[in-house]
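Right, one structure below, let's go through it.
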Amino acid sequence: MHELSVAIEVCRMVEERLGPDASRLRRVGVMVGDDAGLEPANLSFCLDALLGQPPFGAATAAVSSCSGPDLRVDYYEVDDDDPND
Amino acid sequence: MTIRTIEVRERIMAKNDELASEVRRRLAEHDITSFNLVSSPGSGKTMLLERTLGTVGEELGISVVTGDVQTQNDAERLAHHTTRLVQAVVTGGACHLDSRQMLEALDAIDLTETRLLFIENVGNLVCPASWDLGERAKIVVFSVTEGEDKPLKYPKMFREARYAVINKVDLLPYVPFDVDRAIDYALQVNPELQFFQVSALTGRGLGEWFDFLRRQVLVPAGA
């Protein structure tokens with residue numbers, strides 16, 4: 001049920017790392033452990049909803065599952081040839 | 001289009017945990033013991049706190065932060081049993097408290113006059129399990145009207161808790177709840193769990209609960 005809270009936190013992390021380049025984000029890779037207390041499909045839905053809004057451009061989430069309690073961002077994919085430049 | 005991949009492996013809960021550490025530091029600075037009460041809605045957290053405040057609230061210098069999705073009803077109920085401020089946090093839809101809200105709540109509390117802080121979390125056996133609020137321990141409350149298999153259905157919460165309060169034991173003659181089986185299920189999930197069996201309504205078992213709290217405030221807050 002707190003997937004939206006976690007998705008909002010992921011967006012905060014993206015903005016903190018990329019700053020004004022957050023609009024260049026194309027994909028964020030998130031790893032969810034099966035003991036993390038989250039439903040991966042639900043988290044993916046929340047992330048896609050948020051990442052489709054400003055300040056992000058048209059980013060999506062790639063949510064993967066693993067065993068254990070892990071809950072982490074593994075990678076960001078950024079478009080270095082933003083047509084808006 | 002040139003896509004660059006930035007590998008990070010950053011924990012998503014890192015920021016919350018950082019703020020929880022700040023809560024813990026502030027509580028330790030004032031030697032305040034803190035417990036995070038978690039449960040499903042209607043298990044009796046608020047009544048347990050009412051009885052606790054009414055009996056040992058002054059003796060143990062108890063302050064309360066209470067979280068609800070909407071309304072300040074619980075805070076208003078608790079305020080009748082203490083002269084101290086009961087800090088309400090209305091989450092506005094969120095299904096749990098987080099450590100940012102806790103830090104803000106601490107600003108409203110007279111920490112110098114507090115020895116024991118209860119956090120009454122939002123009623124929910126799922127989400128609050130994942131959020132460290134800077135407490136010493138989580139205490140899960142579950143009542144005999146809920147069914148004894150709650151620990152198996154919500155294992156993360158029972159794994160994260162250090163203590164379990166089985167509440168509403170006055171209703172045992174009227175409901176099909178097997179206390180031994182409930183404890184067995186909980187110990188399957190968390191063998192370290194310690195139990196209290198109480199009725200916050202009638203007062204049964206509360207003496208042991210109050211003695212536990214008296215011992216806890218004697219343990220240094222950083223321990």
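Following the order of the structure tokens, first chain is A, next is B, and so on, with residues numbered from 1 inside each chain and ligands from 1 in the order they appear.
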
A:Pro55 environment, 7 Å, only C-alpha atoms, sequence neighbours closer than 2 positions dropped, as a PyMOL selection string: chain A and resi 22-23+53+57

Residue list for chain B near chain A as number ranges by chain, 12 Å, only C-alpha atoms: B: 1-16, 91, 93-98, 124-131, 154-157, 159-160

Gap from atom CA of B:Thr145 to atom CA of B:Val69 - Å, one decimal: 22.8 Å

Gap from atom CA of B:Ala164 to atom CA of B:His30 - Å, one decimal: 26.4 Å

Minimum-distance residue to B:Asn167, chosen among B:Asp31, B:Glu18, B:Asp184, B:Glu148 (using only C-alpha atoms):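 Nearest to B:Asn167: B:Glu148.
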
In chain A, DSSP strand (DSSP E) residues written as a VMD selection string: chain A and resid 25 to 33 60 to 66 71 to 79

Alpha helix (DSSP H) residues, from DSSP on the backbone, in stretch 131-188 of chain B, as a list in words: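 In stretch 131-188 of chain B, DSSP puts these residues in alpha helix (DSSP H): Lys150, Pro151, Leu152, Lys153, Pro155, Lys156, Met157, Phe158, Arg159, Glu160, Val179, Asp180, Arg181, Ala182, Ile183, Asp184, Tyr185, Ala186, Leu187 and Gln188 of chain B.
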
Distance query B:Leu78 at most 10 Å, only C-alpha atoms, self and fewer than 4 positions along chain excluded, as a list in words: Thr46, Met47, Leu49, Glu50, Arg51, Thr52, Leu53, Gly54, Val64, Thr66, Asn73, Asp74, Thr82, Thr83, Arg84, Leu85, Val86 and Gln87 of chain B

d(atom CA of B:Pro220, atom CA of B:Ala200) in Å: 27.6 Å
